[in-house]
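Trainee: I'd like to ask some things about the structure below.
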Amino acid sequence: MAQITHISPHANLLVNDQTGQAACFNCVIEAHQTQAYNLAGRMLSDGALAEDAVQESFISAYRAFNRFRGENLTAWVLRPVSNTCRDMLRSRKSRPAVSLDPVPSSDGEEPQGLSAADLPSTEASPKDRAEQSELAATIQGCLDDLQEERRLAVLLVDVHGLSYEEASESMGCSLGTVKSQVSRGRGGLQDCLRETGELLPSRFRQEVSTSYVDI
């Protein structure tokens with residue numbers, strides 16, 4: 001397992017993986033908390049729930065670290081995040097409202113997630129900002145419409161850049177299932193963007209009808 005530099009002023013929280021190698025769990029958190037929060041934010045569309053999900057996931061990861069085999073740490077860390085988001089989605093009684101506000105980063109960095117901040121413009125006029133927010137809300141709405149496993153697969157592969165093999169580890173399913181979910185998720189997202197894109201300002205219609213990579 002690659003060494004992770006510890007930059008926190010707090011004392012190291014040492015854990016051992018399955019091979020007996022010691023690791024600094026504080027460092028694991030520092031290296032992955034933003035990515036974990038972004039995934040939870042996009043899955044849940046709720047900043048407060050995303051914070052809860054990440055906290056719960058890191059507690060689970062800490063307790064289970066002795067089962068980590070020392071292979072792909074990012075994929076392994078994102079697995080409890082994926083599972084926690086699934087549980088929260090299944091327990092939710094009503095569909096959440098889509099927020100037009102940026103999802104704040106958990107570590108004080110620039111806002112992350114699906115929001116108007118994804119399409120920044122330092123000289124944007126109020127009209128431009130409103131249109132950008134509308135586009136961001138449309139993309140998030142189309143993500144929300146995907147079946148949760150397809151949404152998760154698309155986010156892991158197309159947004160977080162995991163390979164199919166890594167995504168299969170994070171999702172706890174076979175490689176073939178991941179490929180199928182990504183393919184179907186991409187198709188559903190593109191269909192939704194083509195359909196809803198007609199309601200957007202004209203300068204965004206071609207963009208959402210041909211690509212969703214900028215999410």
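A note on labels: chains of the structure tokens are A, B, ... as shown, every chain counts residues from 1, and ligands are counted from 1 in their shown order.
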List the spatial neighbours of Ser180 (chain A) as JSON, numbers by chain - criterion: any atom at most 12 Å away, only C-alpha atoms, same-chain residues fewer than 6 positions off excluded.
Mentor: {"A": [149, 150, 151, 153, 154, 164, 168, 173, 174, 186, 187]}
Trainee: Near Arg86 (chain A), counting only C-alpha atoms, which residues have an atom at most 8 Å away, once you skip same-chain residues fewer than 4 positions from it, shown as an NGL selection string?
Mentor: :A and (82 or 90 or 148)
Trainee: Would you output that residue set with C-alpha atoms, as an mmCIF file, in the first residue's frame?
Mentor:
```
data_model
loop_
_atom_site.group_PDB
_atom_site.id
_atom_site.type_symbol
_atom_site.label_atom_id
_atom_site.label_comp_id
_atom_site.auth_asym_id
_atom_site.auth_seq_id
_atom_site.Cartn_x
_atom_site.Cartn_y
_atom_site.Cartn_z
ATOM 1 C CA SER A 82 -21.572 3.692 -1.655
ATOM 2 C CA ARG A 90 -33.759 3.409 0.494
ATOM 3 C CA GLU A 148 -29.591 4.304 -7.791
#
```
Trainee: Please provide the set of residues having any atom within 12 Å of Ala53 (chain A), restricted to only C-alpha atoms, with same-chain residues fewer than 5 positions apart removed, written as number ranges by chain.
Mentor: A: 33, 36-48, 58-60, 78-89, 106
Trainee: Mind dumping the selected residues with N, CA and C atoms as a PDB file, in the first residue's frame?
Mentor:
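Output file selection08.pdb is given in full below:
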```pdb
ATOM      1  N   GLN A  33     -11.378  12.346   1.936  1.00  0.00           N
ATOM      2  CA  GLN A  33     -12.616  12.926   2.438  1.00  0.00           C
ATOM      3  C   GLN A  33     -13.346  13.772   1.389  1.00  0.00           C
ATOM      4  N   ALA A  36     -14.926  11.380  -1.139  1.00  0.00           N
ATOM      5  CA  ALA A  36     -16.046  10.694  -0.505  1.00  0.00           C
ATOM      6  C   ALA A  36     -17.248  11.628  -0.372  1.00  0.00           C
ATOM      7  N   TYR A  37     -16.979  12.874   0.015  1.00  0.00           N
ATOM      8  CA  TYR A  37     -18.079  13.831   0.192  1.00  0.00           C
ATOM      9  C   TYR A  37     -18.730  14.185  -1.144  1.00  0.00           C
ATOM     10  N   ASN A  38     -17.922  14.331  -2.174  1.00  0.00           N
ATOM     11  CA  ASN A  38     -18.482  14.638  -3.493  1.00  0.00           C
ATOM     12  C   ASN A  38     -19.381  13.512  -3.989  1.00  0.00           C
ATOM     13  N   LEU A  39     -18.944  12.265  -3.797  1.00  0.00           N
ATOM     14  CA  LEU A  39     -19.772  11.130  -4.208  1.00  0.00           C
ATOM     15  C   LEU A  39     -21.082  11.111  -3.435  1.00  0.00           C
ATOM     16  N   ALA A  40     -21.012  11.291  -2.129  1.00  0.00           N
ATOM     17  CA  ALA A  40     -22.226  11.288  -1.310  1.00  0.00           C
ATOM     18  C   ALA A  40     -23.139  12.453  -1.669  1.00  0.00           C
ATOM     19  N   GLY A  41     -22.539  13.617  -1.934  1.00  0.00           N
ATOM     20  CA  GLY A  41     -23.348  14.780  -2.295  1.00  0.00           C
ATOM     21  C   GLY A  41     -24.102  14.582  -3.590  1.00  0.00           C
ATOM     22  N   ARG A  42     -23.462  13.965  -4.571  1.00  0.00           N
ATOM     23  CA  ARG A  42     -24.108  13.731  -5.860  1.00  0.00           C
ATOM     24  C   ARG A  42     -25.141  12.610  -5.771  1.00  0.00           C
ATOM     25  N   MET A  43     -24.867  11.621  -4.928  1.00  0.00           N
ATOM     26  CA  MET A  43     -25.836  10.533  -4.772  1.00  0.00           C
ATOM     27  C   MET A  43     -27.078  10.981  -4.013  1.00  0.00           C
ATOM     28  N   LEU A  44     -26.897  11.819  -2.988  1.00  0.00           N
ATOM     29  CA  LEU A  44     -27.984  12.163  -2.078  1.00  0.00           C
ATOM     30  C   LEU A  44     -28.618  13.521  -2.353  1.00  0.00           C
ATOM     31  N   SER A  45     -27.919  14.379  -3.085  1.00  0.00           N
ATOM     32  CA  SER A  45     -28.412  15.733  -3.388  1.00  0.00           C
ATOM     33  C   SER A  45     -28.751  16.506  -2.122  1.00  0.00           C
ATOM     34  N   ASP A  46     -27.995  16.292  -1.081  1.00  0.00           N
ATOM     35  CA  ASP A  46     -28.272  16.938   0.205  1.00  0.00           C
ATOM     36  C   ASP A  46     -26.957  17.040   0.970  1.00  0.00           C
ATOM     37  N   GLY A  47     -26.493  18.268   1.207  1.00  0.00           N
ATOM     38  CA  GLY A  47     -25.207  18.467   1.855  1.00  0.00           C
ATOM     39  C   GLY A  47     -25.139  17.901   3.260  1.00  0.00           C
ATOM     40  N   ALA A  48     -26.203  18.107   4.043  1.00  0.00           N
ATOM     41  CA  ALA A  48     -26.209  17.620   5.420  1.00  0.00           C
ATOM     42  C   ALA A  48     -26.192  16.095   5.465  1.00  0.00           C
ATOM     43  N   PHE A  58     -16.658   6.558   7.186  1.00  0.00           N
ATOM     44  CA  PHE A  58     -15.297   6.487   7.694  1.00  0.00           C
ATOM     45  C   PHE A  58     -15.222   5.703   9.003  1.00  0.00           C
ATOM     46  N   ILE A  59     -16.261   5.781   9.812  1.00  0.00           N
ATOM     47  CA  ILE A  59     -16.294   4.950  11.017  1.00  0.00           C
ATOM     48  C   ILE A  59     -16.319   3.478  10.629  1.00  0.00           C
ATOM     49  N   SER A  60     -17.143   3.152   9.622  1.00  0.00           N
ATOM     50  CA  SER A  60     -17.204   1.766   9.149  1.00  0.00           C
ATOM     51  C   SER A  60     -15.862   1.318   8.579  1.00  0.00           C
ATOM     52  N   LEU A  78     -14.290   3.990  -0.944  1.00  0.00           N
ATOM     53  CA  LEU A  78     -15.565   4.415  -1.511  1.00  0.00           C
ATOM     54  C   LEU A  78     -16.655   3.352  -1.387  1.00  0.00           C
ATOM     55  N   ARG A  79     -16.277   2.118  -1.045  1.00  0.00           N
ATOM     56  CA  ARG A  79     -17.300   1.083  -0.887  1.00  0.00           C
ATOM     57  C   ARG A  79     -18.247   1.378   0.279  1.00  0.00           C
ATOM     58  N   PRO A  80     -17.758   1.680   1.496  1.00  0.00           N
ATOM     59  CA  PRO A  80     -18.722   2.026   2.553  1.00  0.00           C
ATOM     60  C   PRO A  80     -19.497   3.298   2.258  1.00  0.00           C
ATOM     61  N   VAL A  81     -18.901   4.241   1.522  1.00  0.00           N
ATOM     62  CA  VAL A  81     -19.641   5.435   1.130  1.00  0.00           C
ATOM     63  C   VAL A  81     -20.808   5.042   0.220  1.00  0.00           C
ATOM     64  N   SER A  82     -20.521   4.175  -0.751  1.00  0.00           N
ATOM     65  CA  SER A  82     -21.572   3.692  -1.655  1.00  0.00           C
ATOM     66  C   SER A  82     -22.677   2.992  -0.880  1.00  0.00           C
ATOM     67  N   ASN A  83     -22.298   2.125   0.050  1.00  0.00           N
ATOM     68  CA  ASN A  83     -23.290   1.370   0.810  1.00  0.00           C
ATOM     69  C   ASN A  83     -24.127   2.276   1.706  1.00  0.00           C
ATOM     70  N   THR A  84     -23.486   3.258   2.329  1.00  0.00           N
ATOM     71  CA  THR A  84     -24.224   4.172   3.201  1.00  0.00           C
ATOM     72  C   THR A  84     -25.215   5.005   2.401  1.00  0.00           C
ATOM     73  N   CYS A  85     -24.792   5.467   1.224  1.00  0.00           N
ATOM     74  CA  CYS A  85     -25.705   6.235   0.373  1.00  0.00           C
ATOM     75  C   CYS A  85     -26.895   5.379  -0.065  1.00  0.00           C
ATOM     76  N   ARG A  86     -26.639   4.127  -0.407  1.00  0.00           N
ATOM     77  CA  ARG A  86     -27.734   3.226  -0.771  1.00  0.00           C
ATOM     78  C   ARG A  86     -28.737   3.118   0.371  1.00  0.00           C
ATOM     79  N   ASP A  87     -28.213   2.914   1.584  1.00  0.00           N
ATOM     80  CA  ASP A  87     -29.100   2.762   2.736  1.00  0.00           C
ATOM     81  C   ASP A  87     -29.932   4.014   2.973  1.00  0.00           C
ATOM     82  N   MET A  88     -29.303   5.176   2.850  1.00  0.00           N
ATOM     83  CA  MET A  88     -30.021   6.435   3.058  1.00  0.00           C
ATOM     84  C   MET A  88     -31.086   6.657   1.992  1.00  0.00           C
ATOM     85  N   LEU A  89     -30.768   6.328   0.751  1.00  0.00           N
ATOM     86  CA  LEU A  89     -31.735   6.491  -0.328  1.00  0.00           C
ATOM     87  C   LEU A  89     -32.934   5.578  -0.126  1.00  0.00           C
ATOM     88  N   SER A 106     -16.110  19.365   2.472  1.00  0.00           N
ATOM     89  CA  SER A 106     -16.013  19.008   3.879  1.00  0.00           C
ATOM     90  C   SER A 106     -14.709  19.476   4.512  1.00  0.00           C
TER      91      SER A 106
END
```
Trainee: What is the CA of Val77 (chain A)-CA of Ala61 (chain A) distance in Å, reported with one decimal?
Mentor: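 Separation of CA of Val77 (chain A) and CA of Ala61 (chain A): 6.6 Å.
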Trainee: Nearest residue to Gly161 (chain A) out of A:Thr74, A:Thr138, A:Gln55, A:Gln18, using only C-alpha atoms?
Mentor: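 Using only C-alpha atoms, the shortest distance to Gly161 (chain A) belongs to A:Thr74.
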Trainee: A:Ile139, A:Thr34, A:Gln147, A:Val178: which is nearest Glu195 (chain A), counting only C-alpha atoms?
Mentor: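 Once distances to Glu195 (chain A) are computed over only C-alpha atoms, the minimum belongs to A:Ile139.
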Trainee: Quick one, how far is CA of His160 (chain A) from CA of Val54 (chain A)?
Mentor: 15.8 Å
Trainee: Separation of CA of Leu152 (chain A) and CA of Thr19 (chain A), in Å?
Mentor: 29.7 Å
